>>> print(open('start-v7.txt').read())   # compact mmCIF, C-alpha atoms
# COMPACT_ATOMS: atom_id res chain seq x y z
CA MET A 1 -59.11 21.95 28.52
CA ARG A 2 -62.69 21.56 29.57
CA ALA A 3 -61.65 19.33 32.40
CA PHE A 4 -59.66 22.14 33.90
CA GLY A 5 -62.59 24.51 33.77
CA ALA A 6 -64.82 21.96 35.45
CA PHE A 7 -62.22 21.30 38.09
CA GLN A 8 -61.96 24.95 38.92
CA ARG A 9 -65.70 25.33 39.17
CA SER A 10 -66.10 22.30 41.41
CA SER A 11 -63.34 23.49 43.69
CA LEU A 12 -65.15 26.79 44.13
CA LEU A 13 -68.31 24.96 45.05
CA LEU A 14 -66.37 22.93 47.55
CA ARG A 15 -65.03 26.06 49.12
CA ARG A 16 -68.45 27.56 49.54
CA ARG A 17 -69.77 24.45 51.21
CA ARG A 18 -66.86 24.32 53.56
CA ALA A 19 -67.24 27.95 54.47
CA ASN A 20 -70.81 27.30 55.55
CA ASN A 21 -70.27 24.18 57.59
CA GLU A 22 -66.87 24.61 59.17
CA PRO A 23 -65.94 28.17 59.88
CA TYR A 24 -62.34 27.26 60.78
CA ALA A 25 -61.58 25.27 57.65
CA LEU A 26 -58.56 26.25 55.65
CA VAL A 27 -59.88 28.22 52.71
CA PRO A 28 -57.74 28.10 49.58
CA SER A 29 -57.13 31.40 47.86
CA GLY A 30 -59.68 32.41 45.24
CA SER A 31 -58.14 30.79 42.25
CA PHE A 32 -55.33 28.39 41.51
CA CYS A 33 -54.03 30.59 38.76
CA THR A 34 -52.53 34.01 39.12
CA ASP A 35 -53.44 35.38 35.72
CA ASN A 36 -56.47 37.61 36.04
CA GLY A 37 -57.12 37.54 32.33
CA PHE A 38 -57.85 33.86 32.57
CA GLU A 39 -60.30 34.28 35.40
CA THR A 40 -62.42 36.77 33.52
CA THR A 41 -62.64 34.46 30.54
CA SER A 42 -63.41 31.43 32.65
CA ASN A 43 -66.50 33.14 34.03
CA ASP A 44 -68.02 32.53 30.66
CA SER A 45 -67.99 28.81 31.29
CA SER A 46 -68.80 27.72 27.75
CA ARG A 47 -65.68 29.31 26.28
CA VAL A 48 -62.44 28.71 28.10
CA SER A 49 -59.49 30.40 26.44
CA ILE A 50 -56.22 28.55 26.60
CA PHE A 51 -54.45 29.81 23.53
CA ASP A 52 -53.75 33.32 22.41
CA ARG A 53 -55.18 33.11 18.91
CA HIS A 54 -53.95 36.58 18.05
CA LEU A 55 -50.39 35.66 18.93
CA LYS A 56 -50.70 32.42 17.01
CA ARG A 57 -51.67 34.43 13.99
CA LYS A 58 -48.56 36.55 14.31
CA GLN A 59 -46.42 33.46 14.80
CA ARG A 60 -47.84 32.01 11.62
CA ASP A 61 -47.10 35.27 9.82
CA ARG A 62 -43.49 34.91 10.90
CA ALA A 63 -43.49 31.21 10.04
CA ALA A 64 -44.50 32.13 6.48
CA TRP A 65 -41.09 33.74 6.06
CA LEU A 66 -39.21 31.00 7.88
CA THR A 67 -40.85 27.96 6.29
CA ARG A 68 -38.31 25.72 4.72
CA PRO A 69 -39.17 23.97 1.51
CA ASN A 70 -39.82 20.25 1.83
CA ASP A 71 -39.84 19.93 5.60
CA SER A 72 -39.62 16.17 5.96
CA PHE A 73 -41.75 15.90 9.12
CA VAL A 74 -44.57 18.06 7.77
CA ASP A 75 -44.40 16.27 4.43
CA ALA A 76 -44.63 12.87 6.11
CA VAL A 77 -47.75 13.92 8.02
CA ALA A 78 -49.41 15.53 5.00
CA GLU A 79 -48.59 12.51 2.84
CA ASN A 80 -50.03 10.12 5.41
CA LEU A 81 -53.19 12.19 5.71
CA LEU A 82 -53.74 12.56 1.96
CA ASP A 83 -53.03 8.88 1.42
CA ARG A 84 -56.47 8.24 2.92
CA LEU A 85 -58.06 9.86 -0.13
CA GLU A 86 -56.83 6.96 -2.22
CA ASP A 87 -58.84 4.57 -0.06
CA CYS A 88 -62.09 6.24 -1.07
CA ARG A 89 -63.88 5.50 -4.31
CA LYS A 90 -65.70 8.80 -3.98
CA THR A 91 -64.33 11.97 -5.55
CA PHE A 92 -64.31 15.31 -3.79
CA PRO A 93 -64.88 18.17 -6.25
CA THR A 94 -64.94 20.93 -3.62
CA ALA A 95 -62.37 20.75 -0.85
CA LEU A 96 -61.31 22.97 2.01
CA CYS A 97 -57.82 22.97 3.43
CA LEU A 98 -57.61 24.42 6.92
CA GLY A 99 -54.68 25.96 8.77
CA GLY A 100 -51.45 24.23 9.59
CA SER A 101 -49.25 23.01 6.77
CA LEU A 102 -51.13 24.40 3.79
CA GLU A 103 -48.25 24.41 1.39
CA ALA A 104 -47.38 20.75 1.97
CA VAL A 105 -50.98 19.63 1.50
CA ARG A 106 -51.27 21.54 -1.74
CA ARG A 107 -47.98 20.27 -3.09
CA LEU A 108 -48.55 16.63 -2.16
CA LEU A 109 -52.14 16.43 -3.37
CA ARG A 110 -51.02 15.25 -6.85
CA GLY A 111 -54.52 14.88 -8.20
CA ARG A 112 -55.71 12.63 -5.39
CA GLY A 113 -59.39 12.68 -4.48
CA GLY A 114 -60.41 14.25 -7.79
CA ILE A 115 -60.41 17.74 -6.33
CA GLU A 116 -61.53 20.47 -8.72
CA LYS A 117 -61.92 23.44 -6.41
CA LEU A 118 -59.64 23.88 -3.45
CA ILE A 119 -60.19 26.55 -0.83
CA MET A 120 -57.15 27.31 1.30
CA MET A 121 -57.91 28.90 4.65
CA ASP A 122 -55.51 30.15 7.27
CA THR A 123 -55.53 32.78 9.97
CA SER A 124 -52.35 34.27 8.58
CA TYR A 125 -52.43 36.43 5.47
CA ASP A 126 -48.67 36.08 4.89
CA MET A 127 -48.95 32.30 5.01
CA LEU A 128 -51.59 32.34 2.27
CA LYS A 129 -49.58 34.82 0.27
CA SER A 130 -46.48 32.63 0.33
CA CYS A 131 -48.64 29.65 -0.57
CA LYS A 132 -50.14 31.59 -3.47
CA ASP A 133 -46.71 32.57 -4.74
CA ALA A 134 -45.47 28.99 -4.48
CA GLN A 135 -48.41 27.96 -6.60
CA GLN A 136 -46.85 29.07 -9.86
CA ASP A 137 -44.23 26.35 -9.96
CA ALA A 138 -46.56 23.57 -8.77
CA HIS A 139 -47.68 21.05 -11.36
CA ASN A 140 -51.26 20.37 -10.31
CA ASP A 141 -52.71 23.18 -12.39
CA ASN A 142 -56.10 21.68 -13.05
CA ILE A 143 -57.18 22.46 -9.48
CA GLU A 144 -58.82 25.85 -9.14
CA THR A 145 -57.45 27.31 -5.92
CA PHE A 146 -58.99 30.02 -3.75
CA PHE A 147 -57.54 31.74 -0.72
CA VAL A 148 -59.42 32.96 2.33
CA VAL A 149 -58.17 34.36 5.61
CA GLY A 150 -60.34 32.82 8.28
CA ASP A 151 -60.41 31.44 11.78
CA GLU A 152 -61.11 27.74 12.35
CA GLU A 153 -63.22 28.70 15.35
CA PHE A 154 -65.40 30.90 13.15
CA LEU A 155 -65.59 29.02 9.89
CA PRO A 156 -66.90 31.39 7.19
CA LEU A 157 -68.32 28.70 4.92
CA LYS A 158 -71.85 27.97 3.88
CA GLU A 159 -73.60 24.95 5.27
CA SER A 160 -73.41 21.80 3.11
CA SER A 161 -71.03 23.31 0.59
CA LEU A 162 -67.95 21.09 0.79
CA ASP A 163 -67.10 17.51 -0.13
CA LEU A 164 -63.90 17.38 1.83
CA ALA A 165 -62.29 19.23 4.72
CA VAL A 166 -58.61 18.66 5.43
CA SER A 167 -56.83 20.07 8.43
CA CYS A 168 -53.17 19.20 8.69
CA LEU A 169 -51.49 20.15 11.97
CA GLY A 170 -53.61 23.18 12.75
CA LEU A 171 -56.55 22.28 14.94
CA HIS A 172 -54.53 21.68 18.11
CA TRP A 173 -54.25 25.45 18.51
CA THR A 174 -57.98 26.07 18.69
CA ASN A 175 -59.52 26.95 22.02
CA ASP A 176 -62.75 25.24 21.15
CA LEU A 177 -61.76 22.10 19.28
CA PRO A 178 -65.19 20.42 19.46
CA GLY A 179 -66.80 23.63 18.22
CA ALA A 180 -64.37 23.91 15.31
CA MET A 181 -65.03 20.30 14.33
CA ILE A 182 -68.80 20.76 14.54
CA GLN A 183 -68.49 23.75 12.21
CA CYS A 184 -66.43 21.63 9.81
CA LYS A 185 -69.12 18.98 9.88
CA LEU A 186 -71.85 21.50 9.16
CA ALA A 187 -69.90 22.92 6.22
CA LEU A 188 -69.63 19.45 4.69
CA LYS A 189 -72.24 18.05 2.33
CA PRO A 190 -73.91 14.81 3.40
CA ASP A 191 -71.38 12.01 2.89
CA GLY A 192 -68.57 14.57 2.99
CA LEU A 193 -65.22 13.58 4.48
CA PHE A 194 -63.28 15.21 7.28
CA LEU A 195 -59.57 14.48 7.55
CA GLY A 196 -57.62 15.92 10.45
CA ALA A 197 -54.13 15.60 11.85
CA ILE A 198 -53.34 17.10 15.23
CA LEU A 199 -50.38 16.82 17.54
CA GLY A 200 -50.99 14.46 20.45
CA GLY A 201 -50.03 14.53 24.11
CA GLU A 202 -46.74 12.68 23.70
CA THR A 203 -45.41 15.45 21.48
CA LEU A 204 -42.21 17.14 22.65
CA LYS A 205 -42.16 15.21 25.91
CA GLU A 206 -38.37 15.60 26.06
CA LEU A 207 -38.66 19.36 25.75
CA ARG A 208 -41.36 19.43 28.39
CA VAL A 209 -39.09 17.63 30.85
CA ALA A 210 -36.05 19.74 30.00
CA CYS A 211 -37.97 23.01 30.38
CA THR A 212 -39.42 21.96 33.71
CA VAL A 213 -36.11 20.82 35.15
CA ALA A 214 -34.28 23.93 33.93
CA GLN A 215 -36.90 26.30 35.27
CA MET A 216 -36.99 24.55 38.63
CA GLU A 217 -33.25 24.81 38.81
CA ARG A 218 -32.83 28.44 37.68
CA GLU A 219 -36.09 30.12 38.63
CA GLY A 220 -37.39 27.98 41.45
CA GLY A 221 -40.74 27.41 39.78
CA ILE A 222 -42.31 26.41 36.51
CA SER A 223 -44.51 28.02 33.90
CA PRO A 224 -46.19 26.27 31.00
CA ARG A 225 -43.86 26.09 28.00
CA VAL A 226 -45.41 23.29 26.00
CA SER A 227 -49.14 23.46 25.34
CA PRO A 228 -51.63 20.90 26.63
CA LEU A 229 -52.49 18.55 23.78
CA ALA A 230 -55.24 16.08 23.12
CA GLN A 231 -54.78 12.44 24.07
CA VAL A 232 -55.59 9.61 21.71
CA ARG A 233 -58.73 8.61 23.61
CA ASP A 234 -59.97 12.23 23.40
CA ALA A 235 -59.70 12.20 19.62
CA GLY A 236 -62.31 9.45 19.24
CA ASN A 237 -64.62 11.24 21.62
CA LEU A 238 -64.13 14.47 19.71
CA LEU A 239 -65.19 12.87 16.44
CA THR A 240 -68.31 11.30 17.90
CA ARG A 241 -69.16 14.44 19.82
CA ALA A 242 -68.92 16.51 16.66
CA GLY A 243 -71.38 14.06 15.12
CA PHE A 244 -69.18 12.43 12.50
CA THR A 245 -70.18 8.97 11.38
CA LEU A 246 -67.79 6.08 10.79
CA PRO A 247 -65.12 7.75 12.92
CA SER A 248 -61.62 6.36 12.94
CA VAL A 249 -58.54 7.48 14.78
CA ASP A 250 -54.99 6.34 14.42
CA VAL A 251 -51.74 7.48 15.86
CA ASP A 252 -48.27 7.78 14.47
CA GLN A 253 -45.16 8.67 16.37
CA TYR A 254 -42.28 10.40 14.64
CA THR A 255 -38.86 10.94 16.11
CA VAL A 256 -37.04 13.80 14.47
CA LYS A 257 -33.30 14.07 15.02
CA TYR A 258 -31.62 17.42 15.30
CA ASN A 259 -27.99 18.43 15.54
CA SER A 260 -28.67 20.63 18.54
CA SER A 261 -31.63 21.65 20.65
CA MET A 262 -31.43 25.13 19.13
CA GLU A 263 -32.20 23.54 15.80
CA LEU A 264 -35.32 22.00 17.31
CA ILE A 265 -36.53 25.44 18.40
CA GLU A 266 -35.76 26.82 14.93
CA HIS A 267 -37.83 24.04 13.41
CA LEU A 268 -40.75 24.72 15.74
CA ARG A 269 -40.57 28.39 14.81
CA ALA A 270 -40.57 27.59 11.11
CA MET A 271 -43.68 25.49 11.58
CA GLY A 272 -45.34 28.23 13.65
CA GLU A 273 -45.62 25.82 16.56
CA THR A 274 -44.13 27.99 19.27
CA ASN A 275 -45.75 28.67 22.62
CA ALA A 276 -49.00 30.59 22.33
CA LEU A 277 -50.57 29.89 25.70
CA LEU A 278 -52.47 32.76 27.26
CA GLN A 279 -50.81 31.99 30.57
CA ARG A 280 -47.33 31.77 29.18
CA ASN A 281 -44.36 33.44 30.83
CA LYS A 282 -43.54 36.32 28.51
CA ILE A 283 -39.89 36.46 29.55
CA LEU A 284 -37.42 33.76 28.69
CA ASN A 285 -34.28 34.10 30.73
CA ARG A 286 -31.10 33.57 28.79
CA GLU A 287 -29.74 31.46 31.65
CA THR A 288 -32.85 29.28 31.68
CA ALA A 289 -32.76 28.84 27.92
CA LEU A 290 -29.16 27.71 28.00
CA ALA A 291 -29.85 25.44 30.96
CA THR A 292 -32.77 23.89 29.06
CA ALA A 293 -30.51 23.18 26.11
CA ALA A 294 -27.87 21.64 28.38
CA ILE A 295 -30.41 19.48 30.21
CA TYR A 296 -31.96 18.35 26.94
CA ASP A 297 -28.49 17.38 25.73
CA SER A 298 -27.52 15.47 28.83
CA MET A 299 -30.83 13.67 29.32
CA PHE A 300 -31.90 12.75 25.82
CA ALA A 301 -28.98 13.03 23.40
CA ALA A 302 -28.35 9.91 21.34
CA GLU A 303 -24.98 8.21 21.17
CA ASP A 304 -24.11 9.90 17.91
CA GLY A 305 -24.70 13.30 19.55
CA SER A 306 -28.00 14.02 17.79
CA ILE A 307 -31.00 15.31 19.73
CA PRO A 308 -34.23 13.37 19.28
CA ALA A 309 -37.66 14.97 19.60
CA THR A 310 -40.88 13.01 19.64
CA PHE A 311 -43.91 14.13 17.66
CA GLN A 312 -47.11 12.21 18.18
CA VAL A 313 -49.63 12.82 15.43
CA ILE A 314 -53.27 11.81 15.80
CA TYR A 315 -55.08 11.26 12.52
CA MET A 316 -58.84 11.61 12.60
CA THR A 317 -61.26 10.56 9.89
CA GLY A 318 -64.99 11.07 9.93
CA TRP A 319 -67.90 11.41 7.56
CA ARG A 320 -70.99 13.51 7.55
CA GLU A 321 -74.09 11.40 7.93
CA HIS A 322 -75.66 9.95 4.80
CA TYR A 323 -78.29 7.27 4.25
CA SER A 324 -75.95 5.19 2.09
CA GLN A 325 -73.50 4.66 4.95
CA PRO A 326 -73.52 1.41 6.92
CA LYS A 327 -75.31 1.81 10.22
CA PRO A 328 -75.76 -0.50 13.18
CA LYS A 329 -79.27 -1.88 13.52
CA ARG A 330 -81.49 -0.81 16.36
CA ARG A 331 -81.00 -2.73 19.57
CA GLY A 332 -83.25 -5.78 19.85
CA SER A 333 -84.17 -5.66 16.17
CA ALA A 334 -82.47 -8.96 15.36
CA THR A 335 -84.76 -11.78 14.25
CA VAL A 336 -82.20 -14.54 14.17
CA SER A 337 -80.66 -15.95 17.30
CA PHE A 338 -76.92 -16.34 17.59
CA LYS A 339 -77.55 -20.00 18.41
CA ASP A 340 -79.09 -20.48 14.98
CA ILE A 341 -76.11 -18.86 13.36
CA HIS A 342 -73.95 -21.33 15.19
CA LYS A 343 -76.10 -24.20 13.91
CA HIS A 344 -75.83 -22.92 10.35
CA PHE A 345 -72.16 -22.23 10.27
CA GLY A 346 -71.05 -24.43 13.13
CA SER A 347 -69.53 -27.12 10.96
CA GLU A 348 -67.58 -24.59 8.91
CA ASN A 349 -66.31 -22.84 12.00
CA GLN A 350 -65.03 -26.05 13.49
CA SER A 351 -63.11 -26.87 10.38
CA ALA A 352 -61.74 -23.35 10.24
CA GLN A 353 -60.67 -23.10 13.87
CA PRO A 354 -57.82 -25.60 14.05
CA SER A 355 -55.92 -23.94 11.19
CA MET B 1 -74.44 35.66 -6.80
CA LEU B 2 -75.13 38.58 -4.52
CA GLU B 3 -77.73 39.16 -1.89
CA TRP B 4 -79.31 42.57 -2.22
CA SER B 5 -81.35 44.13 0.50
CA SER B 6 -84.00 46.60 -0.62
CA GLN B 7 -81.96 49.67 0.37
CA ASP B 8 -79.17 48.60 -1.91
CA LEU B 9 -81.25 48.38 -5.01
CA ASN B 10 -80.88 52.07 -5.74
CA HIS B 11 -77.10 51.69 -5.51
CA TYR B 12 -77.09 48.93 -8.04
CA LYS B 13 -76.25 51.09 -11.02
CA MET B 14 -73.32 52.73 -9.27
CA VAL B 15 -72.04 49.40 -8.09
CA ARG B 16 -72.03 48.06 -11.60
CA ILE B 17 -69.92 50.93 -12.79
CA SER B 18 -67.34 50.67 -10.07
CA LYS B 19 -67.27 46.93 -10.60
CA ALA B 20 -66.01 47.51 -14.11
CA LEU B 21 -63.30 49.77 -12.73
CA LEU B 22 -62.24 47.24 -10.13
CA LYS B 23 -62.14 44.32 -12.51
CA GLU B 24 -59.30 46.02 -14.31
CA ALA B 25 -57.38 46.35 -11.08
CA GLY B 26 -57.87 42.62 -10.53
CA THR B 27 -59.38 42.84 -7.08
CA GLY B 28 -62.69 41.20 -7.94
CA LEU B 29 -63.76 38.21 -5.91
CA SER B 30 -64.32 35.01 -7.83
CA LYS B 31 -67.85 33.75 -8.25
CA THR B 32 -67.29 30.42 -6.54
CA LEU B 33 -65.84 32.08 -3.50
CA SER B 34 -68.61 34.63 -3.09
CA GLU B 35 -71.14 31.81 -3.39
CA ILE B 36 -69.56 29.70 -0.71
CA LEU B 37 -68.50 32.29 1.85
CA VAL B 38 -70.78 33.35 4.68
CA CYS B 39 -70.43 35.60 7.71
CA PRO B 40 -68.22 33.76 10.23
CA LEU B 41 -70.36 34.87 13.16
CA THR B 42 -73.93 34.52 11.96
CA LYS B 43 -73.41 32.15 8.98
CA GLN B 44 -75.64 34.49 6.98
CA PRO B 45 -74.84 35.38 3.37
CA LEU B 46 -72.40 38.18 2.67
CA ARG B 47 -72.78 41.09 0.31
CA VAL B 48 -69.87 42.26 -1.81
CA CYS B 49 -69.33 45.98 -1.51
CA GLU B 50 -67.27 47.06 -4.49
CA GLU B 51 -66.70 50.68 -3.42
CA THR B 52 -64.92 49.83 -0.22
CA ASN B 53 -63.69 46.48 -1.58
CA SER B 54 -65.11 44.53 1.30
CA LEU B 55 -67.60 41.86 2.21
CA ILE B 56 -70.49 43.08 4.32
CA SER B 57 -72.55 41.04 6.70
CA ASP B 58 -75.85 42.92 6.80
CA SER B 59 -77.33 41.01 9.71
CA ILE B 60 -74.73 42.37 12.16
CA GLY B 61 -73.49 45.37 10.17
CA VAL B 62 -69.84 44.35 9.94
CA SER B 63 -67.54 44.69 6.96
CA PHE B 64 -64.64 42.36 6.23
CA PRO B 65 -61.78 43.59 4.04
CA ILE B 66 -60.56 41.98 0.82
CA LYS B 67 -56.84 42.37 0.30
CA ASP B 68 -55.33 41.44 -3.06
CA GLY B 69 -58.31 39.26 -3.81
CA ILE B 70 -57.96 37.38 -0.52
CA PRO B 71 -60.96 38.06 1.71
CA SER B 72 -60.25 38.21 5.42
CA LEU B 73 -63.09 36.75 7.45
CA VAL B 74 -61.47 36.64 10.86
CA PRO B 75 -63.90 38.29 13.31
CA LYS B 76 -61.07 40.49 14.61
CA ASP B 77 -60.52 42.00 11.15
CA GLY B 78 -64.16 42.98 10.79
CA LYS B 79 -65.14 46.63 11.10
CA ILE B 80 -68.45 47.59 12.62
CA LEU B 81 -70.30 49.85 10.20
CA GLY B 82 -71.69 53.00 11.77
CA VAL B 83 -74.55 55.10 10.49
CA ASN B 84 -72.09 57.55 8.90
CA ASP B 85 -70.47 54.87 6.79
CA ASP B 86 -73.53 54.61 4.59
CA GLN B 87 -73.15 58.29 3.82
CA ILE B 88 -69.49 57.85 2.96
CA LYS B 89 -70.28 54.90 0.78
CA SER B 90 -72.86 56.74 -1.27
CA ASP B 91 -70.45 59.68 -1.60
CA ALA B 92 -67.81 57.36 -2.99
CA ALA B 93 -70.35 55.95 -5.41
CA ASP B 94 -71.30 59.45 -6.49
CA ALA B 95 -67.66 60.22 -7.15
CA ALA B 96 -67.43 57.12 -9.30
CA MET B 97 -70.51 58.25 -11.19
CA ASN B 98 -69.05 61.68 -11.84
CA LYS B 99 -65.89 60.15 -13.22
CA GLU B 100 -67.93 58.27 -15.78
>>> encode(input="start-v7.txt", output="structure tokens")
Amino acid sequence: MRAFGAFQRSSLLLRRRRANNEPYALVPSGSFCTDNGFETTSNDSSRVSIFDRHLKRKQRDRAAWLTRPNDSFVDAVAENLLDRLEDCRKTFPTALCLGGSLEAVRRLLRGRGGIEKLIMMDTSYDMLKSCKDAQQDAHNDNIETFFVVGDEEFLPLKESSLDLAVSCLGLHWTNDLPGAMIQCKLALKPDGLFLGAILGGETLKELRVACTVAQMEREGGISPRVSPLAQVRDAGNLLTRAGFTLPSVDVDQYTVKYNSSMELIEHLRAMGETNALLQRNKILNRETALATAAIYDSMFAAEDGSIPATFQVIYMTGWREHYSQPKPKRRGSATVSFKDIHKHFGSENQSAQPS
Amino acid sequence: MLEWSSQDLNHYKMVRISKALLKEAGTGLSKTLSEILVCPLTKQPLRVCEETNSLISDSIGVSFPIKDGIPSLVPKDGKILGVNDDQIKSDAADAAMNKE
């Protein structure tokens, strides 16, 4: 997202230079994008808006009514994320659960991590309300749960107040992902844990292709239908940039099979994962939609007639700095030469190597 | 639990009364939550305003609503408090006093 902003700025610089030196040079038109709303926001270079957060909020309101119980994809991601809590000996009395699949995280927690107080935060009031209502029949009663409507980009939590922050499938809709993660880090106590799952760049690649081909065919041009998502290598950089220690990133790819491509769209709607780009095309032609479905069918359908869709999930783990954590020593601070280590353990190594 | 600025001290009595009224309606904010929540924009402590049932960030003069015990701290939901609002607030408190 930032790369695009930088690219636009550098291209403007280039234009100015050209205009000075070569008066006859071909000058590209002012901006590569036609949406004026974007240009005004990009003037403020530190905050580039890609997603319509207000629309996302509405979509999540709708998703609250559409959510199906026990969505297997969401459950798999939440389960995988929460599984990491079992790897820690530490307990997390105060935890925050951010956006995305709140209900699944709450349901699958099952006493893991020793959580006593759980704060659920989402941008959508309806989502929280449905989560609150679902609470009655859940069995983990010993967790005191609180609900707050809040924006991940403007985290309303006191500094050093949390032991754990979990975000399951929500952060990929933030305009300022590094900023949101820095705020998470600040809200954590020293030695607090951040767990995040976001959708990665490989997600919905089939749909991306089908939409592009159908739009080219029917409308003679393309508009963004699937949002730009973080790549795996970005995730590691994000964690270090936000200042988390002991960062780790791993990737999982899920292929979900649907009976038809319409079912895929229904699923995306129920998860609140529909298009919320600021630059989106606000009209979806019926013809184009049907063409997309047909192209998806013909290009990607499996032999048994089911429609596969790829979801790439990037799991991020990081800790807030604490003196008890292992740290690399300062460069050049070693007092023992590697040669000496070889002398000491050389004989053992040689015996170990052949096996 | 609450941060009181000097101008609020004289409202304290009235607030306590209306607090009792609100507790029955079940709209009160839990202690843990009011301890942990801060203004999303300035990260400064928030003040609970019982009359209007909202959280107020004094540093920027914005109030955030509480709906069914769920506080909404999205910057877009915040209302900028004008000079007149203080008048309205004290009127509401007076009304609460008269009821007692």
>>> atom_distance(input="start-v7.txt", atom1="atom CA of A:Leu229", atom2="atom CA of A:Gly100")
15.3 Å
>>> interface_residues(input="start-v7.txt", of="chain A", to="chain B", cutoff="7 Å", atoms="only C-alpha atoms", output="number ranges by chain")
A: 147-151, 154-158, 161
>>> atom_distance(input="start-v7.txt", atom1="atom CA of A:Leu268", atom2="atom CA of A:Leu164")
28.0 Å
>>> residues_around(input="start-v7.txt", residues="A:Ser260", least_positions_apart="2", cutoff="12 Å", atoms="all atoms listed in the file", output="PDB file with C-alpha atoms, in the frame of the given file")
ATOM      1  CA  VAL A 256     -37.040  13.800  14.470  1.00  0.00           C
ATOM      2  CA  LYS A 257     -33.300  14.070  15.020  1.00  0.00           C
ATOM      3  CA  TYR A 258     -31.620  17.420  15.300  1.00  0.00           C
ATOM      4  CA  MET A 262     -31.430  25.130  19.130  1.00  0.00           C
ATOM      5  CA  GLU A 263     -32.200  23.540  15.800  1.00  0.00           C
ATOM      6  CA  LEU A 264     -35.320  22.000  17.310  1.00  0.00           C
ATOM      7  CA  ILE A 265     -36.530  25.440  18.400  1.00  0.00           C
ATOM      8  CA  GLU A 266     -35.760  26.820  14.930  1.00  0.00           C
ATOM      9  CA  HIS A 267     -37.830  24.040  13.410  1.00  0.00           C
ATOM     10  CA  LEU A 290     -29.160  27.710  28.000  1.00  0.00           C
ATOM     11  CA  THR A 292     -32.770  23.890  29.060  1.00  0.00           C
ATOM     12  CA  ALA A 293     -30.510  23.180  26.110  1.00  0.00           C
ATOM     13  CA  ALA A 294     -27.870  21.640  28.380  1.00  0.00           C
ATOM     14  CA  ILE A 295     -30.410  19.480  30.210  1.00  0.00           C
ATOM     15  CA  TYR A 296     -31.960  18.350  26.940  1.00  0.00           C
ATOM     16  CA  ASP A 297     -28.490  17.380  25.730  1.00  0.00           C
ATOM     17  CA  SER A 298     -27.520  15.470  28.830  1.00  0.00           C
ATOM     18  CA  PHE A 300     -31.900  12.750  25.820  1.00  0.00           C
ATOM     19  CA  ALA A 301     -28.980  13.030  23.400  1.00  0.00           C
ATOM     20  CA  ALA A 302     -28.350   9.910  21.340  1.00  0.00           C
ATOM     21  CA  ASP A 304     -24.110   9.900  17.910  1.00  0.00           C
ATOM     22  CA  GLY A 305     -24.700  13.300  19.550  1.00  0.00           C
ATOM     23  CA  SER A 306     -28.000  14.020  17.790  1.00  0.00           C
ATOM     24  CA  ILE A 307     -31.000  15.310  19.730  1.00  0.00           C
ATOM     25  CA  PRO A 308     -34.230  13.370  19.280  1.00  0.00           C
ATOM     26  CA  ALA A 309     -37.660  14.970  19.600  1.00  0.00           C
TER      27      ALA A 309
END
>>> residues_around(input="start-v7.txt", residues="A:Ala187", least_positions_apart="2", cutoff="9 Å", atoms="all atoms listed in the file", output="tab-separated table (two decimals) with C-alpha atoms, in the frame of the given file")
chain	number	residue	atom	x	y	z
A	155	LEU	CA	-65.59	29.02	9.89
A	157	LEU	CA	-68.32	28.70	4.92
A	158	LYS	CA	-71.85	27.97	3.88
A	159	GLU	CA	-73.60	24.95	5.27
A	160	SER	CA	-73.41	21.80	3.11
A	161	SER	CA	-71.03	23.31	0.59
A	162	LEU	CA	-67.95	21.09	0.79
A	163	ASP	CA	-67.10	17.51	-0.13
A	165	ALA	CA	-62.29	19.23	4.72
A	182	ILE	CA	-68.80	20.76	14.54
A	183	GLN	CA	-68.49	23.75	12.21
A	184	CYS	CA	-66.43	21.63	9.81
A	185	LYS	CA	-69.12	18.98	9.88
A	189	LYS	CA	-72.24	18.05	2.33
>>> atom_distance(input="start-v7.txt", atom1="atom CA of A:Ser261", atom2="atom CA of A:Cys211")
11.7 Å
>>> residues_around(input="start-v7.txt", residues="stretch 127-131 of chain A", least_positions_apart="6", cutoff="9 Å", atoms="only C-alpha atoms", output="compact mmCIF listing (two decimals) with C-alpha atoms, in the frame of the given file")
# COMPACT_ATOMS: atom_id res chain seq x y z
CA ARG A 60 -47.84 32.01 11.62
CA ASP A 61 -47.10 35.27 9.82
CA ARG A 62 -43.49 34.91 10.90
CA ALA A 63 -43.49 31.21 10.04
CA ALA A 64 -44.50 32.13 6.48
CA TRP A 65 -41.09 33.74 6.06
CA LEU A 102 -51.13 24.40 3.79
CA GLU A 103 -48.25 24.41 1.39
CA ARG A 106 -51.27 21.54 -1.74
CA MET A 120 -57.15 27.31 1.30
CA MET A 121 -57.91 28.90 4.65
CA PHE A 147 -57.54 31.74 -0.72
CA VAL A 148 -59.42 32.96 2.33
CA VAL A 149 -58.17 34.36 5.61
CA ILE B 70 -57.96 37.38 -0.52
>>> closest_residue(input="start-v7.txt", among="A:Arg269, A:Arg330, A:Arg233, A:Arg68", to="A:Ile314", atoms="all atoms listed in the file")
A:Arg233
>>> residues_around(input="start-v7.txt", residues="A:Cys88", least_positions_apart="6", cutoff="12 Å", atoms="all atoms listed in the file", output="number ranges by chain")
A: 82, 112-114, 164, 191-193, 317, 319
>>> residues_near_point(input="start-v7.txt", point="(-59.9, 10.2, 8.6)", cutoff="9 Å", atoms="only C-alpha atoms", output="VMD selection string")
chain A and resid 81 84 to 85 193 to 197 247 to 250 315 to 319
>>> decode(input="start-v7.txt", residues="stretch 42-48 of chain B", atoms="C-alpha atoms", output="compact mmCIF listing (two decimals), in the first residue's frame")
# COMPACT_ATOMS: atom_id res chain seq x y z
CA THR B 42 -5.29 11.12 22.36
CA LYS B 43 -4.89 7.98 24.55
CA GLN B 44 -5.83 10.17 27.51
CA PRO B 45 -8.15 8.88 30.25
CA LEU B 46 -11.89 9.09 29.73
CA ARG B 47 -14.52 10.42 32.09
CA VAL B 48 -17.84 8.66 32.47
